[in-house]
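First the structure, in the form of structure tokens, and then the observations on it.
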Amino acid sequence: MRVLAFGTYQRDYPRNAQVRSCLRGAGVEVVERHIDVWDGKRDAWAAGVGMAARLAIAEARLAASGRGSADALLVGYPGHPDLVAARRVARGRPIVFDPLVSLYDTLVGDRGRFAPGSLAARALLRIDRAAFRAADLVVADTAAHAGFYADRMGVHRDRIRVCFVGAEDRLFHPAPHDEEPFSVLFVGKLIPLHGLDTILAAARLAPELPFRIVGSGQLASSLATAPANVTHVPWIEYEQLPEAVRVAGCALGVFGTSAKASRVIPNKAFQALACGTPLVTADTAASRELLTDGVDAVLVPAGDPDALASALRRLADEPAYRHEIGNAGRATYEARASEAALGQAWTALLADVVG
């Protein structure tokens, strides 16, 4: 099978890189028709007039590009504007859209950058719906997200499949390392989805535990009043991230209380599982699709700093429990979210759509 990865997708984004690796590992030939618009951008949607002009030029070039030889087109994140060009180039071949998120849900519902009903919000919803409906198959990262796409974007459930996000196996795996004092690691954008306020409140409740927060974003100003046990690092190079995850006592997922937060399992959760580092994240419909509390992860109520602090203290105080959770998390990852497991899932869904 030959798949054309098509569009302005962010080539270095973990989800996109991991899908390409999964497919190639499963024996699928992946060729790319990629125009760089978003690559290297930490926040792909912080786009101004200049970025909009670059995107318009890129879409025109993509639409005019030749058909090429492939069994299906794959449009990745953030390829929502690419579907018009993809449909023109496909000429009857199936288009598989791996959106990762809804633009409207992310920028209006979760981050609150635009008010519901505003001109920008209506435009984002139109882009979303046009993109989702133009695809022959939409791949959601969780069943909870699949339900949202069906209900909000008008995509028939028969045209949606689910594949977890996973991690890049070449980087994220257990490896020997020197035992270090217990620490709590958060990696991610400082946006409402991740529940930074809950994490900082838990840090205040557990001043004896060191917290390391890696990331930047719209809520960075909250760190100005962070307690003394919190260290902030704005950025870690991606290639260095696995070691930071491996040496942590535990890694944090998402704790936000938005509707979107309940539907996702983020990259960093899979990265922690892949490294065998105990994962602590919110107890949501999405997390329950993969994880079992107290077995392969520690699940706490979203937005509850007391529960989070209590869970972190137990992990710090009970090394055997900590190692048990980490090992079981790695086993779950291997069985359901490794590149081998997801490669099979991706190959099966592509075979279905290609026919």
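Going through the structure tokens in order, the chains are called A, B, and so on, while each chain numbers its residues from 1 and the ligands are numbered from 1 in the order shown.
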
| Secondary structure check, alpha helix (DSSP H) residues of stretch 63-163 of chain A, as a PyMOL selection string | chain A and resi 63-64+83-90+103-104+119-134+143-153

Polymer residues at most 9 Å from A:Ala140, only C-alpha atoms, same-chain spacing of 4 or more positions, as a PDB file with C-alpha atoms, in the first residue's frame:
```
ATOM      1  CA  PHE A  97      -8.011  13.072   7.903  1.00  0.00           C
ATOM      2  CA  ASP A  98      -6.148  12.824  11.213  1.00  0.00           C
ATOM      3  CA  PRO A  99      -7.149  16.182  12.754  1.00  0.00           C
ATOM      4  CA  LEU A 100      -6.068  15.567  16.376  1.00  0.00           C
ATOM      5  CA  VAL A 101      -8.377  18.416  17.470  1.00  0.00           C
ATOM      6  CA  ALA A 144     -14.757  10.271  23.364  1.00  0.00           C
ATOM      7  CA  HIS A 145     -13.372  12.542  20.661  1.00  0.00           C
ATOM      8  CA  ALA A 146     -14.987  10.418  17.964  1.00  0.00           C
ATOM      9  CA  TYR A 149     -16.786  14.776  15.942  1.00  0.00           C
ATOM     10  CA  ILE A 160     -14.770   7.669  12.036  1.00  0.00           C
ATOM     11  CA  ARG A 161     -12.128   5.307  13.414  1.00  0.00           C
ATOM     12  CA  VAL A 162     -10.092   5.557  16.623  1.00  0.00           C
ATOM     13  CA  CYS A 163      -6.317   5.249  16.976  1.00  0.00           C
ATOM     14  CA  PHE A 164      -4.536   6.340  20.120  1.00  0.00           C
TER      15      PHE A 164
END
```

| message | Under the rule that only C-alpha atoms are counted, which of A:Val187, A:Ala316, A:Leu205, A:Ala259 is the nearest residue to A:Ala228? | response | A:Leu205

| Spatial neighbours of A:Ser21, 9 Å, only C-alpha atoms, chain gap at least 5 places, as a VMD selection string | chain A and resid 16 26 168 to 169 339 343

With N, CA and C atoms retained, could you export that selection as a short mmCIF file (atom, residue, chain, number, x, y, z; two decimals), in the first residue's frame?
```cif
data_model
loop_
_atom_site.label_atom_id
_atom_site.label_comp_id
_atom_site.auth_asym_id
_atom_site.auth_seq_id
_atom_site.Cartn_x
_atom_site.Cartn_y
_atom_site.Cartn_z
N ASN A 16 2.14 13.56 14.15
CA ASN A 16 2.39 13.35 12.73
C ASN A 16 3.60 12.45 12.49
N ALA A 26 4.87 -0.80 9.63
CA ALA A 26 3.91 -1.84 9.27
C ALA A 26 3.99 -2.21 7.79
N GLU A 168 6.80 8.09 19.95
CA GLU A 168 7.83 7.62 19.03
C GLU A 168 8.73 6.62 19.77
N ASP A 169 8.66 5.37 19.35
CA ASP A 169 9.40 4.32 20.05
C ASP A 169 10.91 4.52 20.01
N GLU A 339 4.20 1.54 18.62
CA GLU A 339 4.16 1.69 17.17
C GLU A 339 3.73 0.39 16.49
N GLY A 343 0.54 0.53 14.39
CA GLY A 343 0.79 0.26 12.97
C GLY A 343 -0.24 -0.72 12.42
#
```

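We find atom CA of A:Glu29 and atom CA of A:Ala341 to be spaced 17.6 Å apart.
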
| request: Find the residues near A:Met153: any atom within 8 Å, counting only C-alpha atoms, skip ones fewer than 4 places away on the same chain, and give them as a list of chain:residue names. | output: A:Asp128, A:Arg129, A:Phe132, A:Arg133, A:Phe148, A:Tyr149

With the cut-off set at 9 Å and counting only C-alpha atoms, tabulate each residue of stretch 172-280 of chain A with an atom at most that distance from an atom of stretch 111-124 of chain A, showing the nearest atom pair and its distance in Å to one decimal, ordered by chain and increasing number, as a tab-separated table.
```
residue	atom	partner	partner_atom	distance
A:Ile191	CA	A:Arg111	CA	6.5
A:Pro192	CA	A:Arg111	CA	6.0
A:Leu193	CA	A:Arg111	CA	7.5
A:Gln218	CA	A:Arg111	CA	8.6
```

| said: So the first atom is atom CA of A:Ser222 and the second is atom CA of A:Val254; what is the distance between them in Å, to one decimal place? | reply: 16.6 Å

| Can you list, as a list of chain:residue names, every protein, DNA or RNA residue that comes within 12 Å of A:Gly147 when you count only C-alpha atoms, leaving out same-chain residues fewer than 2 positions away? | A:Val138, A:Val139, A:Ala140, A:Asp141, A:Thr142, A:Ala143, A:Ala144, A:His145, A:Tyr149, A:Ala150, A:Asp151, A:Arg152, A:Met153, A:Gly154, A:Val155, A:His156, A:Arg157, A:Asp158, A:Arg159, A:Ile160, A:Arg161, A:Val162, A:Lys260, A:Arg263, A:Val264, A:Ala285, A:Ala286

Restricting the output to N, CA and C atoms, write the selected residues as a PDB file, in the first residue's frame.
```
ATOM      1  N   VAL A 138     -12.271   9.914   9.024  1.00  0.00           N
ATOM      2  CA  VAL A 138     -11.688  10.755  10.066  1.00  0.00           C
ATOM      3  C   VAL A 138     -11.138   9.838  11.155  1.00  0.00           C
ATOM      4  N   VAL A 139      -9.897  10.082  11.575  1.00  0.00           N
ATOM      5  CA  VAL A 139      -9.275   9.279  12.626  1.00  0.00           C
ATOM      6  C   VAL A 139      -9.240  10.113  13.900  1.00  0.00           C
ATOM      7  N   ALA A 140      -9.934   9.648  14.927  1.00  0.00           N
ATOM      8  CA  ALA A 140      -9.965  10.324  16.222  1.00  0.00           C
ATOM      9  C   ALA A 140      -8.972   9.654  17.161  1.00  0.00           C
ATOM     10  N   ASP A 141      -8.474  10.419  18.123  1.00  0.00           N
ATOM     11  CA  ASP A 141      -7.485   9.878  19.052  1.00  0.00           C
ATOM     12  C   ASP A 141      -8.111   9.128  20.221  1.00  0.00           C
ATOM     13  N   THR A 142      -9.399   9.347  20.493  1.00  0.00           N
ATOM     14  CA  THR A 142     -10.129   8.598  21.517  1.00  0.00           C
ATOM     15  C   THR A 142     -11.565   8.401  21.052  1.00  0.00           C
ATOM     16  N   ALA A 143     -12.241   7.433  21.644  1.00  0.00           N
ATOM     17  CA  ALA A 143     -13.652   7.237  21.335  1.00  0.00           C
ATOM     18  C   ALA A 143     -14.475   8.437  21.790  1.00  0.00           C
ATOM     19  N   ALA A 144     -14.059   9.071  22.894  1.00  0.00           N
ATOM     20  CA  ALA A 144     -14.757  10.271  23.364  1.00  0.00           C
ATOM     21  C   ALA A 144     -14.675  11.380  22.326  1.00  0.00           C
ATOM     22  N   HIS A 145     -13.518  11.539  21.705  1.00  0.00           N
ATOM     23  CA  HIS A 145     -13.372  12.542  20.661  1.00  0.00           C
ATOM     24  C   HIS A 145     -14.173  12.148  19.420  1.00  0.00           C
ATOM     25  N   TYR A 149     -16.833  14.486  17.373  1.00  0.00           N
ATOM     26  CA  TYR A 149     -16.786  14.776  15.942  1.00  0.00           C
ATOM     27  C   TYR A 149     -18.104  14.426  15.261  1.00  0.00           C
ATOM     28  N   ALA A 150     -18.687  13.308  15.674  1.00  0.00           N
ATOM     29  CA  ALA A 150     -19.961  12.902  15.075  1.00  0.00           C
ATOM     30  C   ALA A 150     -21.073  13.875  15.449  1.00  0.00           C
ATOM     31  N   ASP A 151     -21.134  14.253  16.710  1.00  0.00           N
ATOM     32  CA  ASP A 151     -22.227  15.106  17.180  1.00  0.00           C
ATOM     33  C   ASP A 151     -22.080  16.554  16.764  1.00  0.00           C
ATOM     34  N   ARG A 152     -20.835  17.083  16.810  1.00  0.00           N
ATOM     35  CA  ARG A 152     -20.626  18.521  16.598  1.00  0.00           C
ATOM     36  C   ARG A 152     -20.249  18.864  15.174  1.00  0.00           C
ATOM     37  N   MET A 153     -19.545  17.933  14.499  1.00  0.00           N
ATOM     38  CA  MET A 153     -19.071  18.220  13.145  1.00  0.00           C
ATOM     39  C   MET A 153     -19.939  17.581  12.068  1.00  0.00           C
ATOM     40  N   GLY A 154     -20.903  16.807  12.477  1.00  0.00           N
ATOM     41  CA  GLY A 154     -21.810  16.206  11.507  1.00  0.00           C
ATOM     42  C   GLY A 154     -21.193  15.082  10.702  1.00  0.00           C
ATOM     43  N   VAL A 155     -20.176  14.401  11.268  1.00  0.00           N
ATOM     44  CA  VAL A 155     -19.550  13.277  10.580  1.00  0.00           C
ATOM     45  C   VAL A 155     -20.274  11.995  10.978  1.00  0.00           C
ATOM     46  N   HIS A 156     -20.689  11.213   9.994  1.00  0.00           N
ATOM     47  CA  HIS A 156     -21.364   9.958  10.309  1.00  0.00           C
ATOM     48  C   HIS A 156     -20.387   9.038  11.025  1.00  0.00           C
ATOM     49  N   ARG A 157     -20.874   8.360  12.038  1.00  0.00           N
ATOM     50  CA  ARG A 157     -19.994   7.516  12.854  1.00  0.00           C
ATOM     51  C   ARG A 157     -19.334   6.405  12.037  1.00  0.00           C
ATOM     52  N   ASP A 158     -19.944   6.002  10.934  1.00  0.00           N
ATOM     53  CA  ASP A 158     -19.327   4.981  10.091  1.00  0.00           C
ATOM     54  C   ASP A 158     -18.063   5.489   9.417  1.00  0.00           C
ATOM     55  N   ARG A 159     -17.879   6.795   9.394  1.00  0.00           N
ATOM     56  CA  ARG A 159     -16.696   7.381   8.747  1.00  0.00           C
ATOM     57  C   ARG A 159     -15.656   7.839   9.775  1.00  0.00           C
ATOM     58  N   ILE A 160     -15.741   7.322  10.986  1.00  0.00           N
ATOM     59  CA  ILE A 160     -14.770   7.669  12.036  1.00  0.00           C
ATOM     60  C   ILE A 160     -14.162   6.395  12.589  1.00  0.00           C
ATOM     61  N   ARG A 161     -12.840   6.389  12.744  1.00  0.00           N
ATOM     62  CA  ARG A 161     -12.128   5.307  13.414  1.00  0.00           C
ATOM     63  C   ARG A 161     -11.291   5.915  14.541  1.00  0.00           C
ATOM     64  N   VAL A 162     -10.864   5.088  15.467  1.00  0.00           N
ATOM     65  CA  VAL A 162     -10.092   5.557  16.623  1.00  0.00           C
ATOM     66  C   VAL A 162      -8.717   4.901  16.629  1.00  0.00           C
ATOM     67  N   LYS A 260     -13.198  19.555  26.474  1.00  0.00           N
ATOM     68  CA  LYS A 260     -12.129  18.975  25.664  1.00  0.00           C
ATOM     69  C   LYS A 260     -11.173  18.151  26.515  1.00  0.00           C
ATOM     70  N   ARG A 263     -11.906  14.593  26.851  1.00  0.00           N
ATOM     71  CA  ARG A 263     -11.953  13.772  25.633  1.00  0.00           C
ATOM     72  C   ARG A 263     -10.588  13.370  25.112  1.00  0.00           C
ATOM     73  N   VAL A 264      -9.501  13.830  25.733  1.00  0.00           N
ATOM     74  CA  VAL A 264      -8.180  13.606  25.146  1.00  0.00           C
ATOM     75  C   VAL A 264      -7.262  12.831  26.089  1.00  0.00           C
ATOM     76  N   ALA A 285     -13.446  10.161  30.826  1.00  0.00           N
ATOM     77  CA  ALA A 285     -13.922   9.130  29.906  1.00  0.00           C
ATOM     78  C   ALA A 285     -12.810   8.683  28.974  1.00  0.00           C
ATOM     79  N   ALA A 286     -11.993   9.620  28.503  1.00  0.00           N
ATOM     80  CA  ALA A 286     -10.913   9.268  27.585  1.00  0.00           C
ATOM     81  C   ALA A 286      -9.852   8.422  28.274  1.00  0.00           C
TER      82      ALA A 286
END
```

| query | Can you list every residue in stretch 160-352 of chain A that DSSP puts in strand (DSSP E), as a ChimeraX atom specification? | reply | /A:160-162,184-187,211-214,230-233,250-252,279-282,298-300
